[in-house]
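Asker: Just one file: final_12.txt, with compact mmCIF, C-alpha atoms.
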```txt
# COMPACT_ATOMS: atom_id res chain seq x y z
CA MET F 1 -37.38 -45.04 -19.09
CA TRP F 2 -35.61 -44.02 -22.28
CA LEU F 3 -34.07 -40.58 -21.80
CA TYR F 4 -35.79 -39.31 -24.95
CA ASP F 5 -39.22 -40.07 -23.45
CA GLN F 6 -38.56 -37.98 -20.33
CA TYR F 7 -38.55 -34.62 -22.13
CA GLN F 8 -41.15 -33.01 -24.37
CA ASN F 9 -38.79 -31.08 -26.61
CA GLU F 10 -35.20 -30.00 -27.14
CA GLU F 11 -35.52 -26.87 -25.02
CA GLU F 12 -36.69 -28.86 -22.01
CA PHE F 13 -33.95 -31.46 -22.51
CA ARG F 14 -31.35 -28.71 -22.85
CA ASP F 15 -32.43 -26.73 -19.77
CA ARG F 16 -33.44 -29.51 -17.38
CA PHE F 17 -30.86 -32.16 -18.24
CA VAL F 18 -27.83 -30.95 -20.19
CA ARG F 19 -27.05 -27.73 -18.31
CA PRO F 20 -27.34 -29.32 -14.82
CA LEU F 21 -25.23 -32.27 -15.99
CA LEU F 22 -22.43 -30.02 -17.23
CA ASN F 23 -22.45 -28.16 -13.91
CA ARG F 24 -22.37 -31.38 -11.87
CA LEU F 25 -19.49 -32.72 -13.96
CA GLY F 26 -17.42 -29.75 -12.77
CA PHE F 27 -17.27 -27.58 -15.89
CA PHE F 28 -17.39 -23.83 -15.36
CA ALA F 29 -18.66 -20.86 -17.38
CA VAL F 30 -21.47 -22.96 -18.84
CA ALA F 31 -22.98 -20.48 -21.31
CA LEU F 32 -26.12 -20.98 -23.39
CA LYS F 33 -25.51 -19.95 -27.01
CA HIS F 34 -28.59 -21.48 -28.61
CA GLY F 35 -30.29 -19.15 -31.08
CA THR F 36 -29.87 -17.51 -34.45
CA GLN F 37 -26.20 -16.72 -33.79
CA GLU F 38 -25.19 -20.01 -32.18
CA PHE F 39 -23.15 -21.36 -35.15
CA GLY F 40 -23.34 -24.95 -33.94
CA LYS F 41 -22.98 -24.09 -30.26
CA ASP F 42 -25.91 -24.80 -27.96
CA PHE F 43 -23.63 -24.58 -24.92
CA VAL F 44 -20.05 -23.46 -24.47
CA PHE F 45 -18.36 -24.75 -21.32
CA SER F 46 -14.81 -24.75 -20.01
CA GLU F 47 -12.32 -26.49 -17.74
CA LEU F 48 -8.79 -25.91 -16.44
CA HIS F 49 -6.21 -28.29 -17.88
CA ARG F 50 -3.17 -29.57 -15.98
CA PHE F 51 -0.85 -26.82 -17.21
CA GLY F 52 -3.10 -24.12 -15.76
CA GLY F 53 -4.75 -22.94 -18.97
CA VAL F 54 -8.40 -23.04 -19.98
CA ARG F 55 -9.86 -25.39 -22.56
CA HIS F 56 -13.25 -24.62 -24.14
CA TYR F 57 -15.82 -27.11 -25.42
CA VAL F 58 -19.14 -27.05 -27.26
CA ALA F 59 -22.29 -29.08 -26.67
CA GLN F 60 -24.55 -29.49 -29.70
CA VAL F 61 -27.83 -30.68 -28.21
CA LYS F 62 -30.41 -32.78 -30.06
CA HIS F 63 -33.70 -34.27 -28.95
CA GLU F 64 -34.25 -36.97 -31.56
CA ASP F 65 -35.53 -40.49 -31.04
CA LYS F 66 -32.88 -41.68 -33.52
CA ILE F 67 -30.19 -39.94 -35.55
CA ASN F 68 -29.49 -41.97 -38.68
CA GLN F 69 -27.94 -41.29 -42.07
CA GLY F 70 -29.74 -38.68 -44.13
CA PRO F 71 -30.60 -34.97 -43.90
CA LYS F 72 -30.30 -34.90 -40.08
CA VAL F 73 -26.70 -36.12 -40.25
CA ASP F 74 -25.83 -33.62 -42.99
CA GLY F 75 -27.28 -30.79 -40.91
CA LEU F 76 -25.38 -31.99 -37.82
CA LEU F 77 -22.10 -32.11 -39.78
CA SER F 78 -22.63 -28.53 -40.86
CA GLN F 79 -23.23 -27.44 -37.26
CA VAL F 80 -20.08 -29.23 -36.03
CA ARG F 81 -17.99 -27.50 -38.71
CA GLN F 82 -19.44 -24.12 -37.72
CA ALA F 83 -18.72 -24.78 -34.06
CA PHE F 84 -15.02 -25.19 -34.82
CA SER F 85 -14.63 -22.47 -37.44
CA VAL F 86 -16.65 -19.60 -35.91
CA PRO F 87 -15.14 -18.08 -32.74
CA PHE F 88 -17.21 -17.12 -29.72
CA THR F 89 -17.01 -14.68 -26.83
CA LEU F 90 -17.90 -14.99 -23.16
CA PRO F 91 -19.93 -12.43 -21.18
CA ASP F 92 -16.92 -11.38 -19.08
CA SER F 93 -14.56 -10.69 -22.01
CA PRO F 94 -14.83 -9.46 -25.62
CA ARG F 95 -11.86 -11.61 -26.70
CA GLU F 96 -12.67 -14.19 -29.35
CA ARG F 97 -11.99 -17.83 -28.54
CA TYR F 98 -12.10 -21.14 -30.40
CA VAL F 99 -13.28 -24.47 -29.07
CA SER F 100 -11.09 -27.54 -28.58
CA ALA F 101 -13.78 -30.21 -28.98
CA VAL F 102 -17.44 -30.64 -29.86
CA TYR F 103 -19.79 -32.98 -28.00
CA VAL F 104 -23.03 -34.04 -29.65
CA PHE F 105 -25.66 -34.80 -27.02
CA ASN F 106 -28.75 -36.64 -28.22
CA SER F 107 -31.50 -37.77 -25.86
CA GLY F 108 -32.22 -40.74 -28.12
CA ALA F 109 -30.07 -43.06 -30.23
CA ILE F 110 -27.20 -42.24 -32.58
CA THR F 111 -26.82 -45.20 -34.92
CA ASP F 112 -23.44 -46.76 -35.64
CA ASN F 113 -23.81 -45.95 -39.33
CA ALA F 114 -24.43 -42.28 -38.56
CA GLN F 115 -21.41 -42.09 -36.26
CA THR F 116 -19.14 -43.90 -38.74
CA TYR F 117 -20.19 -41.62 -41.59
CA MET F 118 -19.78 -38.41 -39.58
CA MET F 119 -16.40 -39.42 -38.18
CA SER F 120 -15.16 -40.34 -41.65
CA GLU F 121 -16.22 -36.98 -43.00
CA LEU F 122 -14.79 -35.01 -40.09
CA ARG F 123 -11.43 -36.78 -40.10
CA LYS F 124 -10.86 -35.45 -43.61
CA GLU F 125 -10.95 -32.00 -42.02
CA ARG F 126 -8.89 -33.03 -38.96
CA TYR F 127 -11.85 -32.67 -36.62
CA GLY F 128 -12.61 -36.34 -36.09
CA ASP F 129 -10.65 -37.04 -32.90
CA ASN F 130 -12.14 -33.93 -31.30
CA VAL F 131 -15.79 -34.74 -31.98
CA HIS F 132 -17.64 -36.99 -29.55
CA PHE F 133 -21.12 -38.51 -29.76
CA LEU F 134 -23.14 -39.21 -26.60
CA ASP F 135 -26.50 -40.91 -26.99
CA GLY F 136 -29.28 -41.27 -24.42
CA ASP F 137 -27.79 -44.37 -22.76
CA ARG F 138 -24.35 -42.77 -22.35
CA LEU F 139 -25.83 -39.51 -21.07
CA ASP F 140 -28.01 -41.37 -18.58
CA SER F 141 -24.92 -43.22 -17.28
CA LEU F 142 -23.00 -39.95 -16.96
CA ASP F 143 -25.91 -38.38 -15.09
CA ARG F 144 -26.04 -41.32 -12.66
CA TRP F 145 -22.27 -41.14 -12.12
CA ALA F 146 -22.34 -37.37 -11.52
CA THR F 147 -25.25 -37.76 -9.08
CA TYR F 148 -23.40 -40.54 -7.26
CA GLN F 149 -20.26 -38.39 -6.91
CA GLU F 150 -22.31 -35.46 -5.64
CA ASP F 151 -24.22 -37.63 -3.19
CA ARG F 152 -21.01 -39.25 -1.92
CA HIS F 153 -19.56 -35.81 -1.12
CA VAL F 154 -22.78 -34.76 0.63
CA ARG F 155 -22.89 -38.04 2.55
CA GLN F 156 -19.33 -37.53 3.84
CA ARG F 157 -20.13 -34.03 5.03
CA LEU F 158 -23.32 -35.13 6.78
CA LEU F 159 -21.59 -38.06 8.48
CA GLY F 160 -18.78 -35.76 9.64
CA LEU F 161 -21.26 -33.28 11.08
CA ASN F 162 -23.19 -36.08 12.79
CA HIS F 163 -19.99 -37.48 14.34
CA GLN F 164 -19.11 -34.07 15.76
CA LEU F 165 -22.59 -33.61 17.22
CA VAL F 166 -22.47 -37.02 18.92
CA LEU F 167 -19.03 -36.21 20.35
CA ASN F 168 -20.22 -32.82 21.59
CA ARG F 169 -23.30 -34.31 23.18
CA ALA F 170 -21.06 -36.40 25.43
CA ILE F 171 -19.09 -33.25 26.34
CA TRP F 172 -22.24 -31.24 27.01
CA LEU F 173 -23.69 -34.04 29.14
CA LEU F 174 -20.54 -33.99 31.29
CA MET F 175 -20.72 -30.18 31.49
CA HIS F 176 -24.35 -30.45 32.55
CA GLU F 177 -23.58 -32.93 35.33
CA ARG F 178 -20.64 -30.85 36.62
CA ALA F 179 -22.67 -27.64 36.48
CA GLN F 180 -25.38 -29.18 38.63
CA ASN F 181 -22.69 -29.95 41.21
CA GLU F 182 -21.08 -26.53 40.66
CA GLU F 183 -17.82 -28.19 39.57
CA PHE F 184 -15.86 -27.26 36.48
CA ASP F 185 -12.66 -29.30 36.64
CA GLU F 186 -11.77 -31.88 33.99
CA VAL F 187 -14.28 -30.57 31.46
CA ARG F 188 -12.99 -29.91 27.97
CA GLY F 189 -14.46 -27.46 25.47
CA SER F 190 -16.77 -28.15 22.53
CA PHE F 191 -15.67 -29.19 19.02
CA LEU F 192 -17.05 -26.46 16.76
CA HIS F 193 -14.83 -26.49 13.65
CA GLY F 194 -17.05 -28.86 11.65
CA ILE F 195 -20.21 -27.00 12.68
CA GLU F 196 -18.69 -23.69 11.59
CA GLU F 197 -17.65 -25.17 8.22
CA PHE F 198 -21.13 -26.56 7.64
CA ILE F 199 -22.78 -23.22 8.44
CA SER F 200 -20.45 -21.38 6.04
CA SER F 201 -20.90 -23.96 3.24
CA PRO F 202 -24.14 -25.85 3.85
CA VAL F 203 -25.68 -28.79 1.98
CA GLN F 204 -29.18 -30.28 2.13
CA THR F 205 -30.50 -27.00 3.53
CA GLU F 206 -34.08 -28.09 2.84
CA LEU F 207 -33.62 -30.74 5.57
CA ILE F 208 -30.78 -29.52 7.81
CA SER F 209 -31.77 -26.48 9.87
CA LEU F 210 -29.07 -23.81 9.73
CA GLU F 211 -30.96 -21.91 12.44
CA GLU F 212 -30.63 -24.92 14.74
CA LEU F 213 -26.91 -25.25 13.97
CA THR F 214 -26.38 -21.54 14.57
CA GLN F 215 -28.09 -21.87 17.95
CA ILE F 216 -25.73 -24.75 18.77
CA TRP F 217 -22.67 -22.72 17.79
CA GLN F 218 -23.72 -19.66 19.79
CA LYS F 219 -24.73 -21.55 22.94
CA ALA F 220 -21.67 -23.82 22.82
CA ARG F 221 -19.35 -20.81 22.74
CA ILE F 222 -21.10 -19.28 25.76
CA ALA F 223 -20.89 -22.61 27.61
CA ASP F 224 -17.17 -22.94 26.79
CA ASN F 225 -16.51 -19.41 28.03
CA ILE F 226 -18.24 -20.15 31.35
CA VAL F 227 -16.21 -23.33 31.84
CA ASN F 228 -12.92 -21.60 31.02
CA ARG F 229 -13.68 -18.65 33.26
CA GLN F 230 -14.70 -20.77 36.22
CA ARG F 231 -11.81 -23.19 35.79
CA PHE F 232 -9.26 -20.46 36.43
CA LEU F 233 -11.04 -18.56 39.22
CA ALA F 234 -9.19 -18.65 42.53
CA PHE F 235 -12.42 -18.59 44.57
CA ARG F 236 -15.39 -20.62 43.38
CA VAL F 237 -17.96 -19.44 45.89
CA GLY F 238 -20.62 -16.80 45.97
CA ASP F 239 -23.60 -15.78 43.90
CA THR F 240 -21.66 -15.38 40.63
CA HIS F 241 -20.38 -18.93 40.76
CA LYS F 242 -23.84 -20.31 41.48
CA GLN F 243 -25.44 -18.18 38.76
CA GLU F 244 -22.95 -19.27 36.12
CA ALA F 245 -23.35 -22.91 37.13
CA ALA F 246 -27.12 -22.55 36.68
CA VAL F 247 -26.68 -20.86 33.30
CA LEU F 248 -24.31 -23.61 32.18
CA ALA F 249 -26.72 -26.34 33.26
CA LYS F 250 -29.54 -24.69 31.27
CA LEU F 251 -27.37 -24.11 28.18
CA THR F 252 -26.05 -27.66 28.04
CA ALA F 253 -29.52 -29.13 28.43
CA GLU F 254 -30.65 -27.02 25.45
CA LEU F 255 -27.54 -27.95 23.45
CA ILE F 256 -28.25 -31.66 23.88
CA VAL F 257 -31.81 -31.16 22.60
CA HIS F 258 -30.60 -29.09 19.62
CA ALA F 259 -27.96 -31.69 18.74
CA MET F 260 -30.43 -34.58 18.84
CA GLN F 261 -32.79 -32.62 16.60
CA VAL F 262 -30.09 -32.02 13.97
CA GLU F 263 -28.98 -35.67 14.19
CA ARG F 264 -32.54 -36.70 13.29
CA GLN F 265 -32.47 -34.28 10.36
CA ILE F 266 -29.17 -35.76 9.19
CA ALA F 267 -30.62 -39.28 9.37
CA ASP F 268 -33.56 -38.17 7.20
CA ALA F 269 -31.21 -36.49 4.69
CA LEU F 270 -29.03 -39.61 4.42
CA THR F 271 -32.03 -41.78 3.53
CA LYS F 272 -32.80 -39.51 0.55
CA LEU F 273 -29.31 -39.88 -0.99
CA ASN F 274 -28.58 -42.57 -3.54
CA PRO F 275 -27.18 -45.75 -1.91
CA LEU F 276 -23.43 -46.25 -2.18
```
Written as structure tokens, that's how I'd like the structure from this file.
Answerer:
Amino acid sequence: MWLYDQYQNEEEFRDRFVRPLLNRLGFFAVALKHGTQEFGKDFVFSELHRFGGVRHYVAQVKHEDKINQGPKVDGLLSQVRQAFSVPFTLPDSPRERYVSAVYVFNSGAITDNAQTYMMSELRKERYGDNVHFLDGDRLDSLDRWATYQEDRHVRQRLLGLNHQLVLNRAIWLLMHERAQNEEFDEVRGSFLHGIEEFISSPVQTELISLEELTQIWQKARIADNIVNRQRFLAFRVGDTHKQEAAVLAKLTAELIVHAMQVERQIADALTKLNPL
């Protein structure tokens, strides 16, 4: 479907497509400036350049089926000039700043004639190389690319978490078997680093249960403590030894169930990501 046809008006296109796209592309301080005092700036957004400074950009957003030569182009040229010449401020600082480049986003087409005319006019004022035109096709491609990059990162994190759960299940199964025999030798501890990282910075939280992962982390730590304590006891007899063996057998059985549940959730989440 043509990008223009997906949105009812410019406001919807601006809020539902352009702002999320700028965020996914990695720009920061994406600020909406649309209004009576925008001076050609629908959005101001920023990035760090390689020398450690900050470069600011403007998005001038249009929702037109086609931008061709005529009054629309003249109005757009005026807005581009204003975007460069009128400084702006950000909410966290009163200092005035100027933009380095202007990007014209249109949900529909921008004809070659319109682009050639605008670039010719702007080059006279030394703006031309810093003005960029993105039509619906280009924006749709950028959106797909940004979504792919985001999904690839999420996929890697989910696969890493799944690998750690599978590895831990083998450890917990061995713990369970040894606990039933009241033996604790040659049992290593759980791998919890990846689980801790996922809990502190989760993705796909609508599908992956953080409560389930937290249960795994808590119970695995208790199980590891029992194994370590029993491994170094001089005498492994008596009620305490039997009680801890029973607790460990119960914990590891629960851990295996929890892990399998989260693995199923991960499998469901992976099917909803875009294919690589």
Asker: I need the residue nearest Glu177 (chain F) from this list: F:Arg138, F:Lys250, F:Lys242, F:Arg229. Use all atoms listed in the file for the distance.
Answerer: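 Counting all atoms listed in the file, the residue closest to Glu177 (chain F) is F:Lys250.
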Asker: Rounded to one decimal place, report the CA of Phe51 (chain F)-CA of Ser100 (chain F) distance in Å.
Answerer: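 Between CA of Phe51 (chain F) and CA of Ser100 (chain F) the gap works out to 15.3 Å.
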Asker: Can you build me a table of region 116-197 of chain F residues sitting at most 9 Å from region 18-33 of chain F, with the closest atom pair per residue and its distance in Å to one decimal, using only C-alpha atoms, sorted by chain and residue number, as a Markdown table?
Answerer:
```
| residue | atom | partner | partner_atom | distance |
| --- | --- | --- | --- | --- |
| F:Leu139 | CA | F:Val18 | CA | 8.8 |
| F:Leu142 | CA | F:Leu21 | CA | 8.1 |
| F:Asp143 | CA | F:Leu21 | CA | 6.2 |
| F:Ala146 | CA | F:Leu25 | CA | 6.0 |
| F:Thr147 | CA | F:Arg24 | CA | 7.5 |
| F:Gln149 | CA | F:Arg24 | CA | 8.8 |
| F:Glu150 | CA | F:Arg24 | CA | 7.4 |
```
Asker: Given the choices F:Gln261, F:His63, F:Leu251, F:Gly136, which gets closest to His176 (chain F) if the distance is worked out from only C-alpha atoms?
Answerer: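 The closest residue to His176 (chain F) is F:Leu251.
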Asker: I want to know what sits within 12 Å of Gln218 (chain F), based on all atoms listed in the file, with residues of the same chain fewer than 3 positions away left out; could you give that as a list of chain:residue names?
Answerer: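 Listing them by chain and then by number gives F:Ser190, F:Leu192, F:Ile195, F:Glu196, F:Ile199, F:Glu211, F:Glu212, F:Leu213, F:Thr214, F:Gln215, F:Arg221, F:Ile222, F:Ala223, F:Asp224, F:Asn225, F:Leu251, F:Thr252, F:Glu254, F:Leu255, F:His258.
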Asker: Considering only C-alpha atoms, state which residue in the set F:His56, F:Arg231, F:Arg50, F:Lys66 is at the smallest distance from Trp2 (chain F).
Answerer: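 The answer is F:Lys66, which sits nearest to Trp2 (chain F).
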Asker: Grab the CA of Val102 (chain F) to CA of Asp129 (chain F) distance for me, in Å with one decimal place.
Answerer: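 Calculated distance between CA of Val102 (chain F) and CA of Asp129 (chain F) is 9.8 Å.
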